[in-house]
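To be precise, the following lines are entry-v8.tsv, and they hold TSV, C-alpha atoms.
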```tsv
chain	number	residue	atom	x	y	z
M	1	MET	CA	-92.51	150.01	219.04
M	2	LEU	CA	-89.58	147.60	218.62
M	3	PRO	CA	-86.17	148.32	220.13
M	4	GLU	CA	-83.67	149.73	217.63
M	5	GLY	CA	-81.76	146.47	217.15
M	6	LEU	CA	-84.93	144.58	216.26
M	7	ARG	CA	-85.99	147.20	213.71
M	8	ASP	CA	-82.86	146.34	211.70
M	9	GLY	CA	-84.04	142.78	211.15
M	10	MET	CA	-82.49	139.72	212.67
M	11	CYS	CA	-80.37	140.62	215.68
M	12	MET	CA	-78.95	139.15	218.81
M	13	TYR	CA	-78.40	141.06	222.03
M	14	ALA	CA	-74.78	141.67	222.93
M	15	PRO	CA	-72.98	144.33	224.92
M	16	PRO	CA	-71.94	147.25	222.70
M	17	GLY	CA	-68.43	147.81	221.44
M	18	GLY	CA	-67.74	144.59	219.57
M	19	ASP	CA	-65.94	144.07	216.30
M	20	VAL	CA	-67.75	143.29	213.06
M	21	LEU	CA	-65.98	141.32	210.34
M	22	LEU	CA	-67.22	140.69	206.80
M	23	ALA	CA	-66.62	137.54	204.76
M	24	CYS	CA	-67.64	138.91	201.36
M	25	PHE	CA	-67.95	136.36	198.55
M	26	ASP	CA	-67.83	136.83	194.81
M	27	ARG	CA	-69.58	134.55	192.29
M	28	ARG	CA	-66.60	132.17	192.22
M	29	HIS	CA	-66.73	131.75	196.02
M	30	ARG	CA	-63.61	133.78	196.64
M	31	VAL	CA	-63.53	135.95	199.76
M	32	ALA	CA	-62.41	139.59	199.82
M	33	LEU	CA	-59.49	140.17	202.16
M	34	LEU	CA	-57.72	143.38	203.03
M	35	ASP	CA	-54.27	143.41	201.52
M	36	HIS	CA	-51.94	144.83	204.14
M	37	GLY	CA	-48.69	143.87	202.44
M	38	ILE	CA	-46.34	143.09	205.31
M	39	ALA	CA	-48.65	143.48	208.28
M	40	ALA	CA	-48.09	143.30	211.98
M	41	ALA	CA	-48.27	139.80	213.48
M	42	GLY	CA	-46.80	138.35	210.26
M	43	ARG	CA	-49.98	138.00	208.23
M	44	LEU	CA	-50.55	139.53	204.84
M	45	TRP	CA	-54.35	139.49	204.71
M	46	ALA	CA	-57.26	140.14	207.06
M	47	LEU	CA	-61.03	140.02	206.88
M	48	PRO	CA	-62.36	143.57	206.60
M	49	SER	CA	-63.49	144.73	210.02
M	50	VAL	CA	-64.97	147.69	211.83
M	51	ARG	CA	-65.62	148.53	215.47
M	52	GLN	CA	-69.27	148.74	216.47
M	53	ARG	CA	-70.26	152.24	217.56
M	54	THR	CA	-72.07	152.94	220.83
M	55	ALA	CA	-75.73	151.89	220.53
M	56	GLU	CA	-75.18	150.70	216.94
M	57	PRO	CA	-76.63	147.28	216.10
M	58	TYR	CA	-74.12	144.81	214.72
M	59	ARG	CA	-75.97	144.56	211.39
M	60	ARG	CA	-75.84	148.32	210.91
M	61	ALA	CA	-72.09	148.25	211.60
M	62	ALA	CA	-71.75	145.51	208.95
M	63	GLN	CA	-73.69	147.66	206.46
M	64	ARG	CA	-71.40	150.59	207.24
M	65	LEU	CA	-68.36	148.36	206.64
M	66	ALA	CA	-69.76	147.18	203.30
M	67	ARG	CA	-70.25	150.81	202.24
M	68	THR	CA	-66.59	151.56	203.01
M	69	MET	CA	-65.49	148.56	200.93
M	70	ALA	CA	-67.51	149.41	197.82
M	71	PRO	CA	-70.11	151.83	196.50
M	72	ALA	CA	-73.62	151.56	197.96
M	73	GLY	CA	-75.44	148.50	196.69
M	74	ALA	CA	-72.32	146.69	195.43
M	75	ILE	CA	-72.30	144.36	198.47
M	76	ARG	CA	-75.38	142.82	200.05
M	77	LEU	CA	-75.28	141.08	203.41
M	78	GLY	CA	-75.93	137.34	203.51
M	79	ALA	CA	-78.28	135.38	205.73
M	80	VAL	CA	-75.68	133.74	208.00
M	81	THR	CA	-73.87	135.51	210.82
M	82	GLY	CA	-71.23	133.97	213.06
M	83	ARG	CA	-71.25	135.02	216.71
M	84	VAL	CA	-67.84	134.89	218.38
M	85	PRO	CA	-68.09	135.07	222.18
M	86	ALA	CA	-65.77	137.38	224.08
M	87	PRO	CA	-62.45	135.58	224.55
M	88	ALA	CA	-60.53	134.90	227.69
M	89	SER	CA	-57.84	137.39	228.60
M	90	GLY	CA	-54.58	137.19	226.70
M	91	ALA	CA	-56.18	136.67	223.29
M	92	THR	CA	-54.32	137.91	220.22
M	93	TRP	CA	-57.05	139.64	218.16
M	94	PRO	CA	-56.24	143.38	218.24
M	95	ARG	CA	-59.49	144.53	219.91
M	96	ARG	CA	-60.73	141.43	221.67
M	97	GLN	CA	-62.54	142.85	224.66
M	98	GLY	CA	-66.07	142.23	223.42
M	99	GLU	CA	-68.02	139.81	221.34
M	100	ARG	CA	-67.54	139.80	217.58
M	101	ARG	CA	-69.76	139.05	214.60
M	102	ILE	CA	-68.68	137.63	211.26
M	103	PHE	CA	-71.23	138.64	208.67
M	104	THR	CA	-71.45	137.04	205.26
M	105	GLY	CA	-71.87	139.15	202.17
M	106	HIS	CA	-72.00	138.95	198.40
M	107	VAL	CA	-70.67	141.18	195.68
M	108	THR	CA	-73.60	142.22	193.51
M	109	SER	CA	-71.58	144.15	190.96
M	110	LEU	CA	-67.99	143.15	190.22
M	111	CYS	CA	-67.48	146.23	188.07
M	112	ALA	CA	-68.12	148.47	191.12
M	113	LEU	CA	-65.20	147.07	193.10
M	114	PRO	CA	-62.19	148.32	191.09
M	115	GLY	CA	-62.87	151.77	192.56
M	116	ALA	CA	-63.09	150.41	196.12
M	117	ASP	CA	-61.51	152.49	198.87
M	118	MET	CA	-59.81	149.42	200.39
M	119	PRO	CA	-56.99	147.35	198.82
M	120	LEU	CA	-58.70	143.97	198.40
M	121	THR	CA	-57.27	140.55	197.57
M	122	TRP	CA	-59.58	137.69	196.59
M	123	LEU	CA	-58.77	134.18	197.85
M	124	PRO	CA	-60.73	130.94	197.44
M	125	TYR	CA	-62.87	130.46	200.58
M	126	ALA	CA	-61.10	127.18	201.42
M	127	GLN	CA	-57.78	129.04	201.84
M	128	VAL	CA	-59.01	131.98	203.91
M	129	ALA	CA	-58.81	130.50	207.42
M	130	ALA	CA	-55.19	129.44	206.88
M	131	CYS	CA	-54.11	132.77	205.35
M	132	ILE	CA	-55.48	135.43	207.67
M	133	GLY	CA	-53.75	134.60	210.90
M	134	ASP	CA	-55.26	133.96	214.29
M	135	LEU	CA	-58.71	135.41	214.84
M	136	GLY	CA	-59.23	133.07	217.75
M	137	VAL	CA	-62.00	131.35	215.76
M	138	THR	CA	-61.20	127.71	215.07
M	139	ASP	CA	-64.53	127.27	213.23
M	140	LEU	CA	-63.90	129.94	210.58
M	141	GLY	CA	-63.04	127.44	207.85
M	142	LEU	CA	-66.15	125.40	208.67
M	143	LEU	CA	-68.32	128.53	208.66
M	144	LEU	CA	-67.11	129.49	205.18
M	145	GLN	CA	-67.41	125.94	203.82
M	146	GLY	CA	-70.84	125.39	205.35
M	147	TYR	CA	-72.08	128.71	203.98
M	148	VAL	CA	-70.88	127.98	200.44
M	149	ASP	CA	-72.11	124.37	200.53
M	150	GLY	CA	-75.45	125.42	202.03
M	151	TRP	CA	-75.48	123.18	205.09
M	152	ILE	CA	-75.45	126.02	207.63
M	153	PRO	CA	-79.01	127.30	208.10
M	154	ASP	CA	-79.81	130.99	207.80
M	155	GLY	CA	-79.48	132.96	211.01
M	156	TRP	CA	-76.98	133.17	213.84
M	157	ILE	CA	-74.41	130.50	214.59
M	158	THR	CA	-72.05	130.55	217.57
M	159	LEU	CA	-68.44	129.85	216.69
M	160	GLU	CA	-65.59	128.62	218.82
```
Take the structure in this file and express it as structure tokens.
Amino acid sequence: MLPEGLRDGMCMYAPPGGDVLLACFDRRHRVALLDHGIAAAGRLWALPSVRQRTAEPYRRAAQRLARTMAPAGAIRLGAVTGRVPAPASGATWPRRQGERRIFTGHVTSLCALPGADMPLTWLPYAQVAACIGDLGVTDLGLLLQGYVDGWIPDGWITLE
């Protein structure tokens, strides 16, 4: 029998308790961002995120996040996942003690999103990295561009 993380499909071992972020694209390659209005740290938007539960695989946490953003089936996870190693001390991301994963996703039904439980703003993918503040991931813009342009292969990619 496979360990729980492997039963969920592609996975990578990491200590539990990391953050999961979702870069969810629509058909026009815009990315869904949480609209916080005037948020702490001076940024208006953020990638939707959730904290991984104890013994929960990262992919399952990403699926749980997608279900909180939209009705079941309205968002499907993509084939590329960014792995963000645990940062050095003093980092600015709110919960930066563990590793993080940035999952890609796609809206499958635009008409399902108006009833979403989260206030979402859609920005072109090329503007996202500059508009969400410091995640401590300098490669975020390249991840989004490479995913849309198709030059990042499916699977895990480590980001800096």
Do a neighbour search on M:Trp156 at 7 Å with all atoms listed in the file, toss out local chain neighbours closer than 3 positions, and write the hits as a PDB file with C-alpha atoms, in the coordinates of the input.
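Below is the file selection-v3.pdb, written as the result:
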```
ATOM      1  CA  VAL M  80     -75.680 133.740 208.000  1.00  0.00           C
ATOM      2  CA  THR M  81     -73.870 135.510 210.820  1.00  0.00           C
ATOM      3  CA  GLY M  82     -71.230 133.970 213.060  1.00  0.00           C
ATOM      4  CA  ARG M  83     -71.250 135.020 216.710  1.00  0.00           C
TER       5      ARG M  83
END
```
Shell around stretch 99-107 of chain M at 9 Å using all atoms listed in the file, local window under 6 positions removed, as a VMD selection string: chain M and resid 14 to 27 49 58 to 59 62 66 73 to 87 113 144 147
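Going from atom CA of M:Thr158 to atom CA of M:Ala70 covers 27.7 Å.
Nearest residue to M:Thr68 among M:Ala46, M:Val148, M:Leu120, M:Leu140 is M:Leu120, counting only C-alpha atoms.
When atom CA of M:Pro119 is paired with atom CA of M:Leu34, their separation reads 5.8 Å.
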message: Using only C-alpha atoms, list the residues that have an atom at most 7 Å from (-54.4, 135.5, 205.5), coordinates as in the file, as number ranges by chain.
response: M: 43-46, 128-133
message: From the options M:Arg64, M:Arg51, M:Leu142, M:Pro124, which residue's atoms come nearest to M:Gly98, counting only C-alpha atoms?
response: M:Arg51
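As for atom CA of M:Gly141 and atom CA of M:Gln52, they are spaced 23.8 Å apart.
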Starting from 4 Å padding per side, set up an axis-aligned box that covers all listed atoms of stretch 142-150 of chain M and hand over centre and edge lengths in Å, one decimal, as AutoDock Vina command-line options.
```
--center_x -70.8 --center_y 126.9 --center_z 204.6 --size_x 17.3 --size_y 13.1 --size_z 16.2
```
- prompt: Closest to M:Met69 among M:Gln145, M:Gln127, M:Thr138, M:Thr121, using only C-alpha atoms?
  reply: M:Thr121
query: Nearest to M:Tyr125 among M:Ala61, M:Asp35, M:Thr108, M:Asp149, with distances taken over all atoms listed in the file: which residue is it?
result: M:Asp149
